[in-house]
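What follows is one structure encoded as structure tokens, with my remarks underneath.
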Amino acid sequence: MNIFVAGGLWVAGAALVGGVIAYLVRRFGWDEGRPDNNDAAGQVFTIVGGLHAVLVAFVLISLFDSVGSASQDAQTEADSLVAATWAADALPGETKDRVHQLAVAYAQTVEQREWPRLADGGELPANGWTQLDQMRQAVAAAEADGDWQIDRKTEASDQLWAVYQARQQRLANAGGGGVGAVVWFALILGSLITAILLPNLFGGTRLAAHIIIVSTLAGTITLLLFAIYQLQNPFSGGARVPPEAFTSALERLA
């Protein structure tokens with residue numbers, strides 16, 4: 001299902017539930033007006049709503065930064081892979097061909113085999129680590145003749161280390177587990193209190209206006225929770241990072 005359709009359904013459903021609860025509370029719970037509650041309820045709503053808003057904002061910003069970091073790490077990994085291959089071109093022919101072959105195989109493994117597993121949380125194949133280690137061994141075993149080849153060999157080793165670091169960070173971004181159970185508990189419970197419980201303590205407004213206020217608040221908070229859910233894994237959901245960096249790397253290595 002399209003993410004916008006899914007998000008719209010969640011928001012509409014939450015707004016409908018909030019409106020129905022507001023109607024039932026005002027129709028059968030208490031009298032039509034409860035203005036005596038407004039001062040006390042308003043103070044509590046300000047404190048609780050403010051704390052909940054801070055929590056939601058903190059989680060959203062953290063997840064948004066994680067998506068940006070995942071995209072940058074993937075780009076760094078792919079660029080370093082290409083740079084290592086180009087540096088190895090100055091090494092003896094057998095090493096040069098071996099590194100180029102392994103670099104292409106590594107990029108294909110990441111794009112075609114690892115990326116789907118990053119999205120669904122499945123177990124990653126071991127090919128990527130093996131191919132990266134074989135590249136390292138090939139560069140380390142190469143015979144360098146002269147300062148130029150020694151410099152290129154060192155550069156290739158440095159770039160492979162950058163690939164290793166970026167790969168580690170990419171896997172950590174995918175395996176971070178997103179938002180923890182405790183945080184989800186606080187988010188959901190805080191949303192129910194802020195969107196359903198506290199607004200129904202206010203009085204003085206007409207029934208229709210009260211229903212609109214509660215349903216709008218419930219829909220808005222649900223929209224934020226939906227955004228948090230979609231941003232949990234940088235490689236899946238609505239803000240997923242595509243493997244374009246490695247597609248581009250394969251084109252440069254072709």
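By convention here, the chains of the structure tokens are called A, B, ... in the order presented, each chain's residues are numbered starting at 1, and ligands are numbered starting at 1 in the order presented.
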
(request) Excluding stretch 9-13 of chain A and residues on its chain fewer than 4 positions from it, collect all residues at most 8 Å away from it, counting only C-alpha atoms, and give them as a PyMOL selection string. (result) chain A and resi 5+17+218-220+222-223+226

Please write the residues from the selection above to a file, keeping N, CA, C and O atoms, as a PDB file, in the first residue's frame.
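Ended up saving to result13.pdb:
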ATOM      1  N   VAL A   5      -1.277   6.769   1.351  1.00  0.00           N
ATOM      2  CA  VAL A   5      -2.602   6.201   1.602  1.00  0.00           C
ATOM      3  C   VAL A   5      -2.645   5.577   2.992  1.00  0.00           C
ATOM      4  O   VAL A   5      -3.602   5.783   3.759  1.00  0.00           O
ATOM      5  N   VAL A  17     -11.809   7.739  15.835  1.00  0.00           N
ATOM      6  CA  VAL A  17     -11.901   7.171  17.182  1.00  0.00           C
ATOM      7  C   VAL A  17     -11.924   8.277  18.224  1.00  0.00           C
ATOM      8  O   VAL A  17     -12.723   8.246  19.179  1.00  0.00           O
ATOM      9  N   ALA A 218      -6.013  14.067  17.946  1.00  0.00           N
ATOM     10  CA  ALA A 218      -5.717  12.635  17.814  1.00  0.00           C
ATOM     11  C   ALA A 218      -5.104  12.329  16.452  1.00  0.00           C
ATOM     12  O   ALA A 218      -4.137  11.555  16.350  1.00  0.00           O
ATOM     13  N   GLY A 219      -5.640  12.917  15.396  1.00  0.00           N
ATOM     14  CA  GLY A 219      -5.100  12.683  14.060  1.00  0.00           C
ATOM     15  C   GLY A 219      -3.686  13.214  13.904  1.00  0.00           C
ATOM     16  O   GLY A 219      -2.829  12.572  13.296  1.00  0.00           O
ATOM     17  N   THR A 220      -3.415  14.395  14.471  1.00  0.00           N
ATOM     18  CA  THR A 220      -2.083  14.992  14.356  1.00  0.00           C
ATOM     19  C   THR A 220      -1.034  14.157  15.086  1.00  0.00           C
ATOM     20  O   THR A 220       0.055  13.898  14.552  1.00  0.00           O
ATOM     21  N   THR A 222      -1.213  10.994  15.810  1.00  0.00           N
ATOM     22  CA  THR A 222      -1.060   9.735  15.076  1.00  0.00           C
ATOM     23  C   THR A 222      -0.169   9.915  13.860  1.00  0.00           C
ATOM     24  O   THR A 222       0.625   9.028  13.515  1.00  0.00           O
ATOM     25  N   LEU A 223      -0.275  11.056  13.195  1.00  0.00           N
ATOM     26  CA  LEU A 223       0.586  11.339  12.044  1.00  0.00           C
ATOM     27  C   LEU A 223       2.053  11.340  12.451  1.00  0.00           C
ATOM     28  O   LEU A 223       2.909  10.786  11.752  1.00  0.00           O
ATOM     29  N   PHE A 226       3.155   7.791  13.131  1.00  0.00           N
ATOM     30  CA  PHE A 226       3.319   7.079  11.856  1.00  0.00           C
ATOM     31  C   PHE A 226       4.664   7.437  11.221  1.00  0.00           C
ATOM     32  O   PHE A 226       5.355   6.569  10.672  1.00  0.00           O
TER      33      PHE A 226
END

(request) Find the spatial neighbours of stretch 103-107 of chain A, counting only C-alpha atoms, within a cut-off of 7 Å - ignore same-chain residues fewer than 4 positions away - and output them as a PyMOL selection string. (result) chain A and resi 81+85+99+111+128+131+246+250+253

Excluding A:Tyr229 and residues on its chain fewer than 3 positions from it, collect all residues at most 10 Å away from it, counting only C-alpha atoms, and give them as a short mmCIF file (atom, residue, chain, number, x, y, z; two decimals) with all heavy atoms, in the first residue's frame.
data_model
loop_
_atom_site.label_atom_id
_atom_site.label_comp_id
_atom_site.auth_asym_id
_atom_site.auth_seq_id
_atom_site.Cartn_x
_atom_site.Cartn_y
_atom_site.Cartn_z
N LEU A 60 11.91 11.93 16.59
CA LEU A 60 11.85 12.22 15.16
C LEU A 60 13.17 12.77 14.64
O LEU A 60 13.66 12.34 13.58
CB LEU A 60 10.73 13.23 14.88
CG LEU A 60 9.34 12.65 14.59
CD1 LEU A 60 8.32 13.77 14.44
CD2 LEU A 60 9.37 11.80 13.32
N LEU A 63 15.84 9.98 14.49
CA LEU A 63 15.63 9.06 13.38
C LEU A 63 15.93 9.73 12.05
O LEU A 63 16.49 9.09 11.14
CB LEU A 63 14.19 8.54 13.40
CG LEU A 63 13.83 7.63 14.58
CD1 LEU A 63 12.36 7.25 14.53
CD2 LEU A 63 14.70 6.38 14.59
N GLY A 178 15.80 0.41 15.68
CA GLY A 178 14.83 1.50 15.66
C GLY A 178 14.50 1.99 17.06
O GLY A 178 15.35 2.07 17.93
N VAL A 179 13.24 2.28 17.28
CA VAL A 179 12.77 2.79 18.57
C VAL A 179 12.54 1.60 19.50
O VAL A 179 11.86 0.63 19.15
CB VAL A 179 11.48 3.60 18.39
CG1 VAL A 179 10.98 4.12 19.73
CG2 VAL A 179 11.72 4.76 17.43
N TRP A 184 8.56 3.29 22.78
CA TRP A 184 7.24 3.15 22.14
C TRP A 184 6.13 3.18 23.19
O TRP A 184 5.07 3.77 22.97
CB TRP A 184 7.16 1.84 21.35
CG TRP A 184 7.56 1.97 19.92
CD1 TRP A 184 8.57 1.32 19.27
CD2 TRP A 184 6.95 2.81 18.93
NE1 TRP A 184 8.63 1.70 17.96
CE2 TRP A 184 7.64 2.61 17.72
CE3 TRP A 184 5.88 3.71 18.95
CZ2 TRP A 184 7.31 3.28 16.54
CZ3 TRP A 184 5.54 4.38 17.78
CH2 TRP A 184 6.25 4.16 16.60
N LEU A 223 -0.28 11.06 13.20
CA LEU A 223 0.59 11.34 12.04
C LEU A 223 2.05 11.34 12.45
O LEU A 223 2.91 10.79 11.75
CB LEU A 223 0.20 12.69 11.44
CG LEU A 223 1.05 13.18 10.26
CD1 LEU A 223 0.95 12.20 9.09
CD2 LEU A 223 0.63 14.57 9.82
N LEU A 224 2.36 11.93 13.60
CA LEU A 224 3.75 11.95 14.08
C LEU A 224 4.23 10.55 14.45
O LEU A 224 5.37 10.18 14.17
CB LEU A 224 3.86 12.88 15.28
CG LEU A 224 3.56 14.36 15.02
CD1 LEU A 224 3.62 15.16 16.32
CD2 LEU A 224 4.53 14.94 14.00
N LEU A 225 3.36 9.75 15.08
CA LEU A 225 3.73 8.37 15.42
C LEU A 225 3.96 7.56 14.15
O LEU A 225 4.86 6.70 14.10
CB LEU A 225 2.64 7.73 16.28
CG LEU A 225 2.45 8.33 17.68
CD1 LEU A 225 1.33 7.57 18.41
CD2 LEU A 225 3.73 8.26 18.50
N PHE A 226 3.15 7.79 13.13
CA PHE A 226 3.32 7.08 11.86
C PHE A 226 4.66 7.44 11.22
O PHE A 226 5.35 6.57 10.67
CB PHE A 226 2.17 7.43 10.92
CG PHE A 226 2.22 6.71 9.60
CD1 PHE A 226 1.82 5.39 9.49
CD2 PHE A 226 2.68 7.36 8.45
CE1 PHE A 226 1.88 4.72 8.28
CE2 PHE A 226 2.73 6.70 7.24
CZ PHE A 226 2.33 5.38 7.15
N GLN A 232 12.07 4.23 11.39
CA GLN A 232 12.82 3.36 12.30
C GLN A 232 14.03 2.70 11.63
O GLN A 232 15.11 2.68 12.20
CB GLN A 232 11.90 2.27 12.86
CG GLN A 232 11.01 2.73 13.98
CD GLN A 232 10.37 1.55 14.67
OE1 GLN A 232 10.71 1.18 15.77
NE2 GLN A 232 9.41 0.94 14.01
N ASN A 233 13.84 2.17 10.44
CA ASN A 233 14.92 1.52 9.71
C ASN A 233 15.26 2.36 8.49
O ASN A 233 14.40 2.55 7.63
CB ASN A 233 14.51 0.10 9.27
CG ASN A 233 15.66 -0.66 8.61
OD1 ASN A 233 16.70 -0.10 8.30
ND2 ASN A 233 15.46 -1.95 8.39
N GLY A 237 10.74 1.31 4.79
CA GLY A 237 9.78 2.36 5.13
C GLY A 237 9.77 3.48 4.10
O GLY A 237 10.38 3.39 3.03
N GLY A 238 9.11 4.55 4.45
CA GLY A 238 8.91 5.62 3.50
C GLY A 238 10.16 6.42 3.19
O GLY A 238 10.26 7.04 2.13
#

(request) Counting only C-alpha atoms, figure out which residue out of A:Gln230, A:Asn200, A:Gln75, A:Thr216 gets nearest to A:Leu24. (result)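 Ranked by minimum distance to A:Leu24, first place goes to A:Asn200.
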
(request) Might you pull out every residue within 10 Å of A:Ser248, with only C-alpha atoms counted and same-chain residues fewer than 4 positions away left off, and present them as a PyMOL selection string? (result) chain A and resi 75+78-79+82+107+243-244+252-254

Write the residues of the selection above to a file with N, CA, C and O atoms, as a short mmCIF file (atom, residue, chain, number, x, y, z; two decimals), in the first residue's frame.
data_model
loop_
_atom_site.label_atom_id
_atom_site.label_comp_id
_atom_site.auth_asym_id
_atom_site.auth_seq_id
_atom_site.Cartn_x
_atom_site.Cartn_y
_atom_site.Cartn_z
N GLN A 75 27.31 6.16 0.73
CA GLN A 75 28.04 6.87 -0.32
C GLN A 75 29.54 6.82 -0.06
O GLN A 75 30.34 6.61 -0.99
N ALA A 78 30.85 3.28 -0.95
CA ALA A 78 30.96 3.06 -2.39
C ALA A 78 32.10 3.87 -2.99
O ALA A 78 32.87 3.36 -3.82
N ASP A 79 32.24 5.14 -2.59
CA ASP A 79 33.32 5.98 -3.13
C ASP A 79 34.70 5.44 -2.73
O ASP A 79 35.63 5.44 -3.55
N VAL A 82 35.63 2.44 -4.91
CA VAL A 82 36.12 2.84 -6.23
C VAL A 82 37.53 3.41 -6.12
O VAL A 82 38.41 3.10 -6.94
N ALA A 107 30.52 -4.91 -4.72
CA ALA A 107 29.45 -3.95 -5.00
C ALA A 107 28.16 -4.67 -5.40
O ALA A 107 27.06 -4.28 -4.99
N PRO A 243 20.06 1.72 -2.86
CA PRO A 243 21.47 1.35 -3.10
C PRO A 243 22.08 2.06 -4.29
O PRO A 243 22.92 1.49 -5.01
N GLU A 244 21.67 3.30 -4.54
CA GLU A 244 22.15 4.01 -5.72
C GLU A 244 23.65 4.24 -5.70
O GLU A 244 24.29 4.30 -6.76
N ARG A 252 31.08 2.95 -12.56
CA ARG A 252 32.43 3.48 -12.63
C ARG A 252 33.47 2.37 -12.73
O ARG A 252 34.57 2.60 -13.26
N LEU A 253 33.14 1.19 -12.21
CA LEU A 253 34.09 0.08 -12.26
C LEU A 253 33.96 -0.75 -13.52
O LEU A 253 34.79 -1.64 -13.75
N ALA A 254 32.91 -0.50 -14.30
CA ALA A 254 32.67 -1.31 -15.50
C ALA A 254 33.79 -1.09 -16.52
O ALA A 254 34.34 0.00 -16.64
#

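Among A:Thr247, A:Ser66, A:Thr76, A:Ser236, the residue with the shortest atom-to-atom distance to A:Val110, counting only C-alpha atoms, is A:Thr247.
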
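Atom CA of A:Gln101 is found 28.4 Å from atom CA of A:Gly121.
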
(request) May I ask which of the residues A:Asp133, A:Asp147, A:Asp120, A:Asp73 is the closest one to A:Gln169, counting only C-alpha atoms? (result) A:Asp73

(request) May I have the residues within 12 Å of A:Asp97 as a list of chain:residue names, using only C-alpha atoms and disregarding those fewer than 4 positions away in the same chain? (result) A:Thr85, A:Trp86, A:Ala88, A:Asp89, A:Ala90, A:Leu91, A:Pro92, A:Gly93, A:Gln101, A:Leu102, A:Ala103, A:Val104, A:Met135, A:Ala138, A:Val139, A:Ala142, A:Leu253

Keeping only C-alpha atoms, write the selected residues to a file as a compact mmCIF listing (two decimals), in the first residue's frame.
# COMPACT_ATOMS: atom_id res chain seq x y z
CA THR A 85 40.30 -0.02 -7.01
CA TRP A 86 41.74 2.95 -8.87
CA ALA A 88 45.32 -0.64 -7.10
CA ASP A 89 45.51 -0.05 -10.85
CA ALA A 90 49.14 1.03 -10.35
CA LEU A 91 50.07 -2.33 -8.79
CA PRO A 92 51.30 -5.36 -10.77
CA GLY A 93 48.84 -6.76 -13.30
CA GLN A 101 37.27 -8.35 -9.87
CA LEU A 102 36.66 -8.47 -6.10
CA ALA A 103 35.51 -4.83 -6.00
CA VAL A 104 32.86 -5.49 -8.66
CA MET A 135 40.85 -7.43 -1.39
CA ALA A 138 45.57 -9.05 -2.36
CA VAL A 139 46.76 -5.48 -1.78
CA ALA A 142 51.35 -7.06 -3.84
CA LEU A 253 34.09 0.08 -12.26

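Remark: for A:Arg170, the closest of the candidate residues A:Gly42, A:Gly18, A:Gly122, A:Pro234 is A:Pro234 (distances computed over only C-alpha atoms).
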
(request) Would you please work out which residue, of A:Ala126, A:Leu160, A:Ile221, A:Phe28, is nearest to A:Ser191 when using only C-alpha atoms? (result) A:Ile221

(request) Please indicate the distance in Å from atom CA of A:Val59 to atom CA of A:Phe202, rounded to one decimal place. (result)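 Answer for the atom CA of A:Val59 to atom CA of A:Phe202 separation: 29.0 Å.
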
(request) Record the distance separating atom CA of A:Leu132 and atom CA of A:Asp158, expressed in Å with one decimal. (result)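 Separating atom CA of A:Leu132 from atom CA of A:Asp158 is a distance of 12.9 Å.
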
(request) Could you tell me, as a PyMOL selection string, which residues of stretch 29-107 of chain A DSSP assigns to alpha helix (DSSP H) when given the backbone? (result) chain A and resi 38-88+93-107

(request) Using only C-alpha atoms, pick whichever of A:Thr95, A:Asn127, A:Ser71, A:Ser80 has the shortest atom-to-atom distance to A:Tyr164. (result)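 Among the listed residues, the smallest separation from A:Tyr164 belongs to A:Ser80.
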
Write out as a CSV table (one decimal) with C-alpha atoms, in the first residue's frame which residues come within 7 Å of A:Ile211 when counting only C-alpha atoms, dropping same-chain ones fewer than 3 positions away.
chain,number,residue,atom,x,y,z
A,19,GLY,CA,-14.2,12.0,17.8
A,22,ALA,CA,-15.3,12.8,22.6
A,23,TYR,CA,-18.9,12.5,21.6
A,207,LEU,CA,-20.3,19.5,21.4
A,208,ALA,CA,-19.4,19.8,17.7
A,214,VAL,CA,-10.2,16.1,20.0
A,215,SER,CA,-10.3,14.4,16.6
